[in-house]
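Trainee: Quick one, coords.txt (compact mmCIF, C-alpha atoms):
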# COMPACT_ATOMS: atom_id res chain seq x y z
CA MET W 19 28.87 2.00 51.23
CA ASP W 20 26.09 4.53 51.83
CA LEU W 21 27.67 7.81 50.77
CA TYR W 22 24.82 10.13 51.75
CA ASN W 23 26.13 13.08 53.77
CA LYS W 24 29.65 11.62 53.92
CA LYS W 25 32.52 14.04 53.38
CA VAL W 26 34.55 12.84 50.39
CA LEU W 27 37.79 14.24 49.02
CA VAL W 28 38.29 13.58 45.29
CA VAL W 29 41.88 14.03 44.07
CA GLY W 30 42.46 15.02 40.45
CA THR W 31 40.43 17.34 38.23
CA GLY W 32 40.63 15.46 34.91
CA ILE W 33 37.74 13.47 33.44
CA SER W 34 38.09 10.75 36.08
CA GLY W 35 38.01 13.16 39.02
CA VAL W 36 35.19 15.26 37.59
CA GLY W 37 33.17 12.11 36.88
CA ALA W 38 33.75 10.80 40.40
CA ALA W 39 32.83 14.12 42.03
CA THR W 40 29.65 14.44 39.96
CA LEU W 41 28.52 10.91 40.84
CA LEU W 42 29.24 11.50 44.53
CA GLU W 43 27.19 14.71 44.47
CA LYS W 44 24.26 12.79 42.95
CA ALA W 45 24.64 10.25 45.77
CA GLY W 46 24.24 13.01 48.36
CA ALA W 47 27.85 13.18 49.52
CA VAL W 48 29.60 16.36 50.62
CA VAL W 49 32.25 16.60 47.90
CA ILE W 50 35.56 18.44 47.75
CA LEU W 51 37.33 18.23 44.37
CA TYR W 52 41.03 18.85 44.89
CA ASP W 53 44.11 19.33 42.73
CA ALA W 54 47.65 19.99 43.93
CA ASN W 55 48.56 21.92 40.78
CA GLU W 56 48.52 25.56 41.94
CA LYS W 57 48.65 26.77 38.32
CA LEU W 58 45.05 25.62 37.83
CA LEU W 59 42.19 28.06 38.26
CA ALA W 60 39.12 27.02 40.25
CA LYS W 61 36.82 28.82 37.80
CA ASP W 62 38.09 26.62 34.95
CA ILE W 63 37.34 23.48 36.95
CA TYR W 64 33.86 24.70 37.89
CA GLU W 65 33.13 24.98 34.17
CA LYS W 66 33.58 21.18 33.91
CA LEU W 67 31.00 20.59 36.66
CA PRO W 68 27.19 20.71 36.50
CA LYS W 69 25.60 24.14 36.89
CA ASP W 70 24.58 25.05 40.44
CA THR W 71 26.87 22.35 41.80
CA SER W 72 27.47 22.04 45.54
CA ILE W 73 30.95 20.58 44.95
CA GLU W 74 33.74 22.60 46.55
CA VAL W 75 36.84 23.03 44.38
CA ARG W 76 40.17 23.35 46.21
CA ILE W 77 43.55 24.07 44.61
CA GLY W 78 46.90 23.58 46.33
CA GLU W 79 45.92 22.61 49.87
CA PRO W 80 43.83 19.46 50.56
CA VAL W 81 41.66 18.62 53.55
CA TYR W 82 42.53 15.78 55.90
CA ASP W 83 39.20 15.08 57.60
CA ALA W 84 37.28 13.36 54.78
CA GLN W 85 35.54 10.04 55.44
CA LEU W 86 36.45 8.68 52.01
CA LEU W 87 39.32 9.49 49.66
CA VAL W 88 38.75 8.95 45.92
CA ILE W 89 41.86 9.27 43.76
CA SER W 90 42.27 9.57 40.00
CA PRO W 91 44.43 6.94 38.25
CA GLY W 92 47.35 9.34 37.91
CA VAL W 93 47.68 9.76 41.68
CA PRO W 94 50.28 7.32 43.12
CA VAL W 95 49.00 5.16 45.96
CA ASP W 96 52.22 5.89 47.87
CA SER W 97 51.84 9.68 47.68
CA GLU W 98 51.97 11.60 50.93
CA LEU W 99 48.26 12.48 50.91
CA VAL W 100 47.13 8.92 50.20
CA LEU W 101 49.40 7.46 52.89
CA GLU W 102 48.11 9.97 55.43
CA TYR W 103 44.53 8.84 54.79
CA LYS W 104 45.51 5.17 54.82
CA ASN W 105 47.23 5.65 58.18
CA LYS W 106 43.93 6.99 59.51
CA ASN W 107 42.18 3.84 58.19
CA VAL W 108 40.08 5.96 55.85
CA PRO W 109 39.03 3.99 52.72
CA VAL W 110 40.92 4.95 49.57
CA TRP W 111 39.00 4.23 46.36
CA GLY W 112 39.57 4.86 42.69
CA GLU W 113 36.90 5.71 40.15
CA ILE W 114 36.33 2.01 39.32
CA GLU W 115 35.59 1.02 42.91
CA LEU W 116 33.39 4.08 43.39
CA ALA W 117 31.31 3.37 40.30
CA TYR W 118 31.02 -0.34 41.08
CA ASN W 119 29.36 0.68 44.35
CA PHE W 120 26.34 1.67 42.19
CA GLU W 121 26.49 -1.08 39.53
CA LYS W 122 23.21 -2.96 38.95
CA GLY W 123 24.10 -5.14 35.94
CA LYS W 124 26.85 -7.50 34.86
CA VAL W 125 30.42 -6.30 34.40
CA ILE W 126 33.09 -7.47 31.96
CA ALA W 127 36.53 -6.16 32.97
CA ILE W 128 39.55 -6.28 30.65
CA THR W 129 43.17 -5.56 31.55
CA GLY W 130 46.61 -6.30 30.11
CA THR W 131 49.70 -4.36 29.11
CA ASN W 132 48.62 -4.20 25.46
CA GLY W 133 45.47 -4.75 23.46
CA LYS W 134 43.04 -3.48 26.11
CA THR W 135 41.41 -0.81 24.01
CA THR W 136 41.00 -2.95 20.90
CA THR W 137 39.62 -5.90 22.87
CA THR W 138 37.34 -3.73 24.99
CA THR W 139 35.99 -1.97 21.90
CA LEU W 140 35.35 -5.26 20.09
CA VAL W 141 33.69 -6.86 23.14
CA GLY W 142 31.59 -3.72 23.48
CA GLU W 143 30.47 -3.97 19.84
CA ILE W 144 29.59 -7.66 20.25
CA MET W 145 27.65 -7.03 23.47
CA LYS W 146 25.79 -4.08 21.90
CA ALA W 147 24.78 -6.32 19.00
CA TYR W 148 23.48 -8.79 21.57
CA ARG W 149 21.92 -6.37 24.04
CA ASP W 150 21.27 -2.67 23.41
CA LYS W 151 21.83 -1.75 27.04
CA THR W 152 25.63 -2.03 27.00
CA PHE W 153 28.06 0.56 28.35
CA VAL W 154 31.74 0.73 27.37
CA VAL W 155 33.73 2.52 30.06
CA GLY W 156 36.97 2.93 31.98
CA ASN W 157 40.48 3.56 30.73
CA ILE W 158 39.07 3.70 27.18
CA GLY W 159 38.15 7.36 27.81
CA ASN W 160 34.56 7.19 29.08
CA PRO W 161 34.56 7.33 32.90
CA TYR W 162 32.66 4.48 34.55
CA THR W 163 31.15 7.07 36.90
CA ASN W 164 29.46 8.78 33.94
CA GLU W 165 27.44 5.68 33.03
CA VAL W 166 26.88 3.58 36.13
CA LEU W 167 23.61 5.23 37.23
CA ASN W 168 22.14 4.14 33.85
CA THR W 169 22.82 0.46 34.56
CA SER W 170 20.05 -2.00 35.38
CA SER W 171 19.65 -5.68 36.15
CA ASP W 172 19.66 -6.50 32.43
CA SER W 173 22.56 -4.23 31.37
CA TYR W 174 26.19 -5.00 30.59
CA THR W 175 29.19 -2.84 31.43
CA VAL W 176 32.38 -3.52 29.45
CA ALA W 177 35.30 -1.86 31.23
CA GLU W 178 38.91 -1.33 30.17
CA ILE W 179 40.90 -1.38 33.41
CA SER W 180 44.48 -0.12 33.79
CA SER W 181 46.98 -1.22 36.41
CA PHE W 182 46.64 2.20 38.05
CA GLN W 183 42.89 1.65 38.41
CA LEU W 184 43.38 -1.86 39.80
CA GLU W 185 45.52 -0.52 42.65
CA THR W 186 42.41 0.86 44.34
CA ILE W 187 39.81 -1.89 43.99
CA HIS W 188 38.37 -3.54 47.09
CA LYS W 189 35.05 -5.22 46.23
CA PHE W 190 35.07 -4.82 42.44
CA ALA W 191 33.94 -8.23 41.13
CA PRO W 192 33.26 -8.59 37.39
CA ALA W 193 31.20 -11.48 36.05
CA ILE W 194 33.98 -12.02 33.53
CA SER W 195 37.51 -10.66 33.74
CA ALA W 196 40.31 -10.94 31.20
CA ILE W 197 44.09 -10.54 31.42
CA LEU W 198 45.37 -10.21 27.87
CA ASN W 199 49.13 -10.16 28.48
CA ILE W 200 51.78 -8.82 30.85
CA THR W 201 55.03 -7.23 29.67
CA PRO W 202 57.22 -4.63 31.43
CA ASP W 203 55.46 -1.27 31.67
CA HIS W 204 54.87 1.52 34.21
CA LEU W 205 57.82 0.33 36.31
CA ASN W 206 58.45 3.95 37.28
CA ARG W 207 55.20 3.61 39.25
CA HIS W 208 55.01 -0.07 40.23
CA LYS W 209 58.79 -0.34 40.95
CA THR W 210 59.11 -4.09 40.19
CA MET W 211 57.65 -6.57 37.73
CA GLU W 212 56.40 -8.63 40.67
CA ASN W 213 54.30 -5.68 41.83
CA TYR W 214 53.03 -5.01 38.32
CA VAL W 215 52.06 -8.64 37.72
CA ALA W 216 50.29 -8.85 41.08
CA VAL W 217 48.26 -5.72 40.31
CA LYS W 218 47.18 -7.07 36.93
CA GLU W 219 46.21 -10.45 38.40
CA SER W 220 44.14 -8.75 41.11
CA ILE W 221 41.38 -8.08 38.55
CA CYS W 222 39.86 -11.46 39.44
CA SER W 223 40.59 -11.36 43.20
CA ASN W 224 36.94 -10.82 44.17
CA GLN W 225 35.35 -13.13 41.61
CA SER W 226 33.47 -16.27 42.62
CA SER W 227 33.13 -19.86 41.42
CA ASP W 228 30.38 -18.97 38.93
CA SER W 229 32.48 -16.26 37.26
CA VAL W 230 35.22 -16.52 34.62
CA CYS W 231 38.73 -15.15 34.14
CA VAL W 232 39.97 -15.26 30.54
CA VAL W 233 43.76 -15.68 30.43
CA ASN W 234 46.43 -15.69 27.71
CA TYR W 235 48.04 -19.13 27.95
CA ASP W 236 50.98 -18.04 25.77
CA ASP W 237 52.04 -15.28 28.15
CA GLU W 238 55.15 -15.93 30.22
CA TYR W 239 53.62 -14.47 33.39
CA LEU W 240 50.12 -15.90 32.95
CA LYS W 241 50.68 -19.45 31.71
CA ASP W 242 50.63 -20.89 35.23
CA PHE W 243 48.15 -18.38 36.67
CA THR W 244 45.43 -20.48 38.28
CA PRO W 245 43.22 -18.52 40.68
CA ASP W 246 41.18 -20.88 42.85
CA ASN W 247 38.21 -18.56 43.31
CA CYS W 248 36.91 -18.55 39.72
CA LYS W 249 36.87 -20.56 36.50
CA VAL W 250 39.79 -19.98 34.09
CA VAL W 251 39.25 -19.98 30.32
CA HIS W 252 42.33 -19.69 28.10
CA PHE W 253 43.13 -18.34 24.67
CA SER W 254 46.25 -19.34 22.77
CA ARG W 255 47.91 -19.11 19.37
CA LYS W 256 50.19 -22.05 20.22
CA ILE W 257 48.07 -24.80 21.77
CA LYS W 258 44.48 -25.98 21.95
CA PRO W 259 43.32 -25.36 25.55
CA GLN W 260 40.92 -27.61 27.42
CA VAL W 261 38.42 -24.75 27.31
CA GLY W 262 38.90 -21.58 25.32
CA ALA W 263 39.87 -19.97 22.02
CA TYR W 264 42.73 -21.13 19.79
CA MET W 265 44.14 -21.09 16.26
CA ASN W 266 43.68 -23.96 13.81
CA GLY W 267 45.88 -22.75 10.98
CA ASP W 268 44.38 -19.39 9.98
CA VAL W 269 41.04 -20.06 11.67
CA ILE W 270 40.10 -18.86 15.15
CA MET W 271 38.26 -21.65 16.98
CA TYR W 272 36.57 -22.09 20.35
CA THR W 273 36.24 -25.31 22.34
CA ASP W 274 34.09 -25.86 25.40
CA GLY W 275 35.86 -29.16 26.03
CA LYS W 276 33.27 -31.15 24.10
CA GLN W 277 32.59 -29.27 20.88
CA ASP W 278 34.93 -27.29 18.61
CA ILE W 279 33.38 -24.23 16.97
CA SER W 280 34.86 -22.44 13.94
CA ILE W 281 34.63 -18.67 14.40
CA VAL W 282 36.53 -16.77 11.68
CA ASN W 283 39.42 -17.01 9.24
CA VAL W 284 41.87 -14.25 10.17
CA HIS W 285 42.25 -13.25 6.51
CA ASP W 286 38.55 -12.31 6.47
CA MET W 287 39.06 -9.80 9.30
CA GLN W 288 39.68 -6.09 8.72
CA ILE W 289 42.36 -5.79 11.42
CA ILE W 290 45.92 -6.99 10.86
CA GLY W 291 48.70 -8.49 12.97
CA THR W 292 49.08 -11.55 15.18
CA HIS W 293 48.46 -9.41 18.27
CA ASN W 294 44.99 -8.72 16.88
CA TYR W 295 44.37 -12.45 16.48
CA GLU W 296 44.96 -12.66 20.23
CA ASN W 297 42.63 -9.72 20.88
CA VAL W 298 39.88 -11.41 18.83
CA MET W 299 40.41 -14.76 20.58
CA ALA W 300 40.07 -13.03 23.95
CA ALA W 301 36.88 -11.31 22.78
CA VAL W 302 35.50 -14.64 21.55
CA ALA W 303 36.23 -16.34 24.89
CA ILE W 304 34.67 -13.47 26.83
CA THR W 305 31.47 -13.17 24.83
CA ILE W 306 30.82 -16.89 24.42
CA ASN W 307 31.06 -17.22 28.20
CA MET W 308 28.65 -14.30 28.51
CA GLY W 309 26.11 -16.31 26.51
CA VAL W 310 26.25 -14.39 23.22
CA PRO W 311 25.17 -16.47 20.19
CA VAL W 312 28.08 -17.39 17.92
CA ASP W 313 26.50 -15.87 14.78
CA ILE W 314 26.40 -12.44 16.47
CA ILE W 315 30.04 -12.79 17.50
CA ILE W 316 31.12 -13.76 13.97
CA ASP W 317 29.19 -10.97 12.22
CA THR W 318 30.59 -8.35 14.59
CA ILE W 319 34.19 -9.53 14.18
CA LEU W 320 33.90 -9.47 10.38
CA GLY W 321 32.66 -5.86 10.48
CA PHE W 322 35.17 -4.62 13.04
CA LYS W 323 37.65 -2.04 11.72
CA GLY W 324 39.80 -1.61 14.83
CA VAL W 325 40.35 1.50 16.93
CA GLU W 326 41.88 4.90 16.35
CA HIS W 327 45.64 5.15 17.02
CA ARG W 328 46.27 1.37 16.85
CA ILE W 329 47.97 0.53 13.52
CA GLU W 330 45.39 2.86 12.00
CA TYR W 331 45.64 3.38 8.25
CA VAL W 332 46.04 7.12 7.57
CA ASN W 333 46.78 7.66 3.87
CA THR W 334 48.80 6.51 0.86
CA ILE W 335 50.83 9.31 -0.70
CA ASN W 336 53.24 8.79 -3.63
CA GLY W 337 53.01 5.04 -3.09
CA VAL W 338 53.95 5.30 0.63
CA THR W 339 51.46 3.96 3.18
CA TYR W 340 51.16 5.80 6.51
CA TYR W 341 50.03 4.14 9.75
CA ASN W 342 49.22 5.77 13.10
CA ASP W 343 50.10 3.56 16.06
CA SER W 344 50.33 6.31 18.66
CA LYS W 345 48.82 3.89 21.18
CA GLY W 346 52.12 1.99 21.05
CA THR W 347 53.13 3.50 24.39
CA ASN W 348 55.59 0.78 25.44
CA PRO W 349 58.17 -1.35 23.61
CA ASP W 350 56.05 -4.51 23.48
CA ALA W 351 53.10 -2.69 21.90
CA SER W 352 55.37 -1.22 19.23
CA ILE W 353 57.01 -4.59 18.58
CA LYS W 354 53.56 -5.93 17.67
CA ALA W 355 53.06 -3.04 15.26
CA ILE W 356 56.47 -3.64 13.64
CA GLU W 357 55.65 -7.34 13.26
CA ALA W 358 52.43 -6.39 11.45
CA MET W 359 54.31 -4.38 8.79
CA THR W 360 54.78 -6.10 5.43
CA LYS W 361 56.74 -3.35 3.61
CA PRO W 362 60.11 -1.62 4.20
CA THR W 363 59.22 0.78 7.00
CA VAL W 364 60.35 4.18 8.25
CA LEU W 365 59.59 4.22 11.97
CA ILE W 366 58.94 7.24 14.20
CA ALA W 367 59.65 6.44 17.87
CA GLY W 368 60.53 8.05 21.19
CA GLY W 369 58.75 10.01 23.89
CA TYR W 370 58.26 10.12 27.65
CA ASP W 371 60.61 7.93 29.70
CA LYS W 372 58.79 5.22 31.67
CA LYS W 373 62.14 3.52 32.48
CA SER W 374 61.59 0.95 29.74
CA GLU W 375 64.44 -0.89 28.06
CA PHE W 376 64.53 -0.95 24.25
CA ASP W 377 66.67 -4.01 23.43
CA ASP W 378 63.77 -6.23 22.30
CA PHE W 379 62.28 -3.27 20.43
CA ILE W 380 65.44 -2.80 18.33
CA LEU W 381 65.88 -6.56 17.83
CA ALA W 382 62.32 -6.70 16.44
CA PHE W 383 63.40 -4.55 13.48
CA ASN W 384 64.64 -7.76 11.84
CA GLY W 385 65.33 -6.11 8.48
CA LYS W 386 61.89 -4.45 8.30
CA ILE W 387 62.88 -0.99 9.56
CA LYS W 388 64.89 0.91 6.95
CA LYS W 389 65.17 4.15 8.94
CA LEU W 390 64.41 5.27 12.48
CA VAL W 391 63.25 8.82 13.24
CA LEU W 392 63.59 9.61 16.95
CA LEU W 393 62.10 12.35 19.10
CA GLY W 394 61.26 13.06 22.72
CA VAL W 395 63.04 12.46 26.02
CA THR W 396 64.03 8.88 25.13
CA LYS W 397 65.55 9.56 21.71
CA GLU W 398 69.17 9.31 22.93
CA LYS W 399 68.43 6.15 24.95
CA ILE W 400 66.81 4.44 21.96
CA ALA W 401 69.65 5.60 19.67
CA ASP W 402 72.25 4.16 22.06
CA THR W 403 70.38 0.84 22.11
CA ALA W 404 70.14 0.82 18.31
CA LYS W 405 73.92 1.41 17.99
CA LYS W 406 74.56 -1.43 20.44
CA TYR W 407 72.88 -3.81 18.00
CA GLY W 408 74.47 -2.33 14.90
CA PHE W 409 71.49 -0.27 13.66
CA LYS W 410 72.88 3.14 12.72
CA ASP W 411 70.34 4.49 10.23
CA TYR W 412 68.57 6.87 12.61
CA VAL W 413 68.00 10.60 12.75
CA PHE W 414 66.75 12.96 15.48
CA ALA W 415 63.74 15.27 15.10
CA ASN W 416 62.89 18.22 17.34
CA ASP W 417 59.16 17.67 17.12
CA LEU W 418 56.54 15.47 15.46
CA LYS W 419 56.04 17.73 12.45
CA GLU W 420 59.75 17.61 11.68
CA ALA W 421 59.66 13.82 12.12
CA VAL W 422 56.87 13.51 9.55
CA ASP W 423 58.72 15.82 7.16
CA LEU W 424 61.84 13.65 7.47
CA CYS W 425 59.77 10.56 6.66
CA PHE W 426 58.46 12.20 3.50
CA GLU W 427 62.02 12.90 2.42
CA CYS W 428 63.33 9.35 2.84
CA ALA W 429 60.33 7.05 2.16
CA VAL W 430 59.89 5.86 -1.43
CA ASN W 431 57.15 4.15 -3.45
CA GLY W 432 56.41 0.77 -1.82
CA ASP W 433 57.50 1.81 1.68
CA ALA W 434 55.43 2.31 4.83
CA VAL W 435 55.76 5.00 7.49
CA LEU W 436 54.77 3.94 10.99
CA LEU W 437 54.32 6.12 14.06
CA SER W 438 54.75 3.67 16.93
CA PRO W 439 56.71 5.46 19.66
CA ALA W 440 57.27 2.61 22.19
CA CYS W 441 56.89 5.37 24.79
CA ALA W 442 54.21 7.41 26.47
CA SER W 443 53.47 10.87 25.09
CA TRP W 444 53.47 13.09 28.16
CA ASP W 445 56.80 14.81 27.43
CA MET W 446 55.38 16.59 24.37
CA PHE W 447 51.61 15.97 24.24
CA THR W 448 48.54 15.81 26.46
CA GLY W 449 48.18 12.11 25.60
CA TYR W 450 48.67 9.52 22.87
CA GLU W 451 45.39 10.71 21.30
CA GLN W 452 46.76 14.19 20.63
CA ARG W 453 50.01 12.73 19.32
CA GLY W 454 48.14 10.44 16.91
CA ARG W 455 45.77 13.12 15.64
CA LEU W 456 48.62 15.55 15.01
CA PHE W 457 50.49 12.82 13.13
CA LYS W 458 47.47 12.29 10.88
CA GLU W 459 47.13 16.03 10.39
CA TYR W 460 50.80 16.42 9.39
CA VAL W 461 50.63 13.43 7.03
CA ASN W 462 47.48 14.70 5.33
CA MET W 463 48.99 18.17 4.93
CA HIS W 464 51.57 16.57 2.61
CA GLY W 465 48.81 14.66 0.85
CA ASN W 466 46.97 17.89 0.06
CA VAL W 467 49.95 19.66 -1.45
Do you think you could lay out the structure here as structure tokens?

Mentor:
Amino acid sequence: MDLYNKKVLVVGTGISGVGAATLLEKAGAVVILYDANEKLLAKDIYEKLPKDTSIEVRIGEPVYDAQLLVISPGVPVDSELVLEYKNKNVPVWGEIELAYNFEKGKVIAITGTNGKTTTTTLVGEIMKAYRDKTFVVGNIGNPYTNEVLNTSSDSYTVAEISSFQLETIHKFAPAISAILNITPDHLNRHKTMENYVAVKESICSNQSSDSVCVVNYDDEYLKDFTPDNCKVVHFSRKIKPQVGAYMNGDVIMYTDGKQDISIVNVHDMQIIGTHNYENVMAAVAITINMGVPVDIIIDTILGFKGVEHRIEYVNTINGVTYYNDSKGTNPDASIKAIEAMTKPTVLIAGGYDKKSEFDDFILAFNGKIKKLVLLGVTKEKIADTAKKYGFKDYVFANDLKEAVDLCFECAVNGDAVLLSPACASWDMFTGYEQRGRLFKEYVNMHGNV
């Protein structure tokens, strides 16, 4: 779409909205940046924008005569404003679709309930080792709109894509897509699992016969997923696929159907947990199909230390090891963190209520969790689920600092303390990043005593 002189309403004044508005201004559009939150001050939003901007900032009352509506991921597609524009047949885009309108290179797009950030980061590192001109963008915290004008015919864009972002794609067509896994999440927004699964699977809806979708064969929802518009490459811990990545004992392998290639022994990697074996297999399948030499892939995997807030080692104090898994924002993500623990563990959990159920989360304790410290909106719900399964060694904390203090009181030499909330953070924090950084700060305060 030629956006020159078109009137565009951008909804949301966070990094996604600001990035979208700035890109639109560069494209010559007439841009209105809008937020419904009347507590915000326009002058504060203008400070996020380029100097001498022509973007109009509106608070409280939107306009209804724009020729394109661009919404931030946090804006529901069934909100009154969005539906009004849809009823007028005005295109509704998200930041991903908007940026893709300007993309000149090849795109790798990665989605899934869990593991997106780790896999995207690792794929980004591999692609950077292969080709300097690589951009890592999307839900990982760097808006696609900030980087897309730097792309060229020989560049690569590696994008972490959330289900919220996938709701507003139309022509977005990556060269390689990946769906890592699908477990219940964000049902307060998507309403049903069927809707959630369909949104995740839509990442490859615009791909063509010469493009690839990398799929987790072990996943209940993805095992039989066979899109007919693109080539499917699998990864699996359980079987050897016709084409794809797999486990041979402790070794990650790749087969193209003719030749089997040994990639890495998992015990030589710096990241732990079977979920990370899956993340690495996905990255291997993606980058091999992007033409990256195997030696570059291997060297990058061996040097990869993981990402902040995902089973991140924090400190060892009085023989107790502390891990920050603040990115465990749903039960399945936290189950993977619990499974990675090898010591008796004190677990901090609880937070914003996304209408998740916690049965499988409690059942995953399996003798590993010696005490549960609960906080946030969901603390009573998780406690009730724990009692249902006979786990009664829990305590409530009013805030994260108190939770960390309680852990210091009950953990002993040889134990681990794990922050893995199984919930989003929005009831008490600006995001999982703030929650994780505060956890590390509180832990290290004890270490410095």

Trainee: Using all atoms listed in the file, which protein or nucleic acid residues come within 12 Å of Thr31 of chain W? Drop anything in the same chain fewer than 6 positions from it, and give the result as a list in words.

Mentor: Gly37, Ala38, Ala39, Thr40, Ile50, Leu51, Tyr52, Asp53, Ala54, Asn55, Leu58, Leu59, Ala60, Asp62, Ile63, Tyr64, Glu65, Lys66, Leu67, Glu74, Val75, Arg76, Ile77, Val88, Ile89, Ser90, Pro91, Gly92 and Val93 of chain W

Trainee: Using only C-alpha atoms, what residues lie at most 9 Å away from (46.6, -8.0, 37.7) (file coordinates), given as a list in words?

Mentor: Thr129, Gly130, Ser181, Leu184, Ile197, Ile200, Tyr214, Val215, Ala216, Val217, Lys218, Glu219, Ser220, Ile221, Cys222 and Ser223 of chain W

Trainee: Please produce a file of the residues just selected, as an mmCIF file, keeping the file's coordinate frame, where the atoms kept are C-alpha atoms.

Mentor:
data_model
loop_
_atom_site.group_PDB
_atom_site.id
_atom_site.type_symbol
_atom_site.label_atom_id
_atom_site.label_comp_id
_atom_site.auth_asym_id
_atom_site.auth_seq_id
_atom_site.Cartn_x
_atom_site.Cartn_y
_atom_site.Cartn_z
ATOM 1 C CA THR W 129 43.170 -5.560 31.550
ATOM 2 C CA GLY W 130 46.610 -6.300 30.110
ATOM 3 C CA SER W 181 46.980 -1.220 36.410
ATOM 4 C CA LEU W 184 43.380 -1.860 39.800
ATOM 5 C CA ILE W 197 44.090 -10.540 31.420
ATOM 6 C CA ILE W 200 51.780 -8.820 30.850
ATOM 7 C CA TYR W 214 53.030 -5.010 38.320
ATOM 8 C CA VAL W 215 52.060 -8.640 37.720
ATOM 9 C CA ALA W 216 50.290 -8.850 41.080
ATOM 10 C CA VAL W 217 48.260 -5.720 40.310
ATOM 11 C CA LYS W 218 47.180 -7.070 36.930
ATOM 12 C CA GLU W 219 46.210 -10.450 38.400
ATOM 13 C CA SER W 220 44.140 -8.750 41.110
ATOM 14 C CA ILE W 221 41.380 -8.080 38.550
ATOM 15 C CA CYS W 222 39.860 -11.460 39.440
ATOM 16 C CA SER W 223 40.590 -11.360 43.200
#

Trainee: Would you tabulate, counting all atoms listed in the file, all residues of segment 319-345 of chain W that have an atom at most 10 Å from an atom of segment 425-433 of chain W, showing the closest pair of atoms and their distance in Å to one decimal, sorted by chain then ascending number, as JSON lines?

Mentor:
{"residue": "W:Thr334", "atom": "CA", "partner": "W:Asn431", "partner_atom": "CA", "distance": 9.7}
{"residue": "W:Ile335", "atom": "CA", "partner": "W:Asn431", "partner_atom": "CA", "distance": 8.6}
{"residue": "W:Asn336", "atom": "CA", "partner": "W:Asn431", "partner_atom": "CA", "distance": 6.1}
{"residue": "W:Gly337", "atom": "CA", "partner": "W:Asn431", "partner_atom": "CA", "distance": 4.2}
{"residue": "W:Val338", "atom": "CA", "partner": "W:Asp433", "partner_atom": "CA", "distance": 5.1}
{"residue": "W:Thr339", "atom": "CA", "partner": "W:Asp433", "partner_atom": "CA", "distance": 6.6}
{"residue": "W:Tyr340", "atom": "CA", "partner": "W:Asp433", "partner_atom": "CA", "distance": 8.9}

Trainee: Quick one: everything within 7 Å of segment 434-449 of chain W, counting all atoms listed in the file, minus sequence neighbours fewer than 5 positions away in the same chain. Send it as a PyMOL selection string.

Mentor: chain W and resi 338-344+346-349+351-352+361-371+394-395+425

Trainee: Which residues of segment 143-240 of chain W come within 8 Å of segment 253-269 of chain W, and what is each one's closest atom pair and distance in Å (one decimal), counting only C-alpha atoms, sorted by chain and residue number, as a tab-separated table?

Mentor:
residue	atom	partner	partner_atom	distance
W:Val232	CA	W:Phe253	CA	7.3
W:Val233	CA	W:Phe253	CA	6.4
W:Asn234	CA	W:Phe253	CA	5.2
W:Tyr235	CA	W:Ser254	CA	5.5
W:Asp236	CA	W:Ser254	CA	5.8

Trainee: Go through W:Pro245, W:Gly291, W:Pro109, W:Pro68 one by one, measure the shortest atom-to-atom distance of each to Gly133 of chain W using only C-alpha atoms, and give the residue with the smallest value.

Mentor: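 Between W:Pro245, W:Gly291, W:Pro109, W:Pro68, the residue approaching Gly133 of chain W most closely is W:Gly291.
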
Trainee: Please return, as an MDAnalysis selection string, all polymer residues that have at least one atom within 10 Å of the point (71.6, -5.3, 15.5); use only C-alpha atoms and the file's own coordinate frame.

Mentor: chainID W and resid 377 380:385 403:410

Trainee: Could you give me, as a PyMOL selection string, the residues within 9 Å of Ala191 of chain W, counting only C-alpha atoms and dropping anything in the same chain fewer than 3 positions from it?

Mentor: chain W and resi 118+125+127+188+194-195+221-226

Trainee: To test the calculation: enclose all listed atoms of segment 420-434 of chain W in a box whose edges run along x, y and z, add 3 Å on each side, then state centre and edge lengths in Å to one decimal, as AutoDock Vina command-line options.

Mentor:
--center_x 59.4 --center_y 9.2 --center_z 4.3 --size_x 13.9 --size_y 22.8 --size_z 21.6

Trainee: Between atom CA of Ile314 of chain W and atom CA of Val166 of chain W, what is the distance, to one decimal in Å?

Mentor: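 Between atom CA of Ile314 of chain W and atom CA of Val166 of chain W the gap is 25.4 Å.
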
Trainee: I need the residue nearest Ala177 of chain W from this list: W:Ile281, W:Ala196, W:Ile128, W:Leu393. Use all atoms listed in the file for the distance.

Mentor: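 Under the stated criterion, the closest residue is W:Ile128.
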
Trainee: Compile a residue-level contact table for segment 235-309 of chain W against segment 317-326 of chain W at a cut-off of 6 Å, reporting for every qualifying residue the shortest atom pair and its distance in Å to one decimal, with only C-alpha atoms counted, rows ordered by chain and ascending number, as JSON lines.

Mentor:
{"residue": "W:Met287", "atom": "CA", "partner": "W:Leu320", "partner_atom": "CA", "distance": 5.3}
{"residue": "W:Gln288", "atom": "CA", "partner": "W:Lys323", "partner_atom": "CA", "distance": 5.4}
{"residue": "W:Ile289", "atom": "CA", "partner": "W:Gly324", "partner_atom": "CA", "distance": 6.0}

Trainee: Please list as a count of residues only every residue within 7 Å of Ser173 of chain W, counting all atoms listed in the file and excluding residues in the same chain fewer than 6 positions away.

Mentor: 4

Trainee: Could you tell me how far atom CA of Met299 of chain W lies from atom CA of Arg455 of chain W, in Å and to one decimal?

Mentor: 28.8 Å

Trainee: Using all atoms listed in the file, which protein or nucleic acid residues come within 6 Å of Tyr412 of chain W? Drop anything in the same chain fewer than 2 positions from it, and give the result as an mmCIF file with C-alpha atoms, keeping the file's coordinate frame.

Mentor:
data_model
loop_
_atom_site.group_PDB
_atom_site.id
_atom_site.type_symbol
_atom_site.label_atom_id
_atom_site.label_comp_id
_atom_site.auth_asym_id
_atom_site.auth_seq_id
_atom_site.Cartn_x
_atom_site.Cartn_y
_atom_site.Cartn_z
ATOM 1 C CA LYS W 389 65.170 4.150 8.940
ATOM 2 C CA LEU W 390 64.410 5.270 12.480
ATOM 3 C CA VAL W 391 63.250 8.820 13.240
ATOM 4 C CA LYS W 410 72.880 3.140 12.720
#
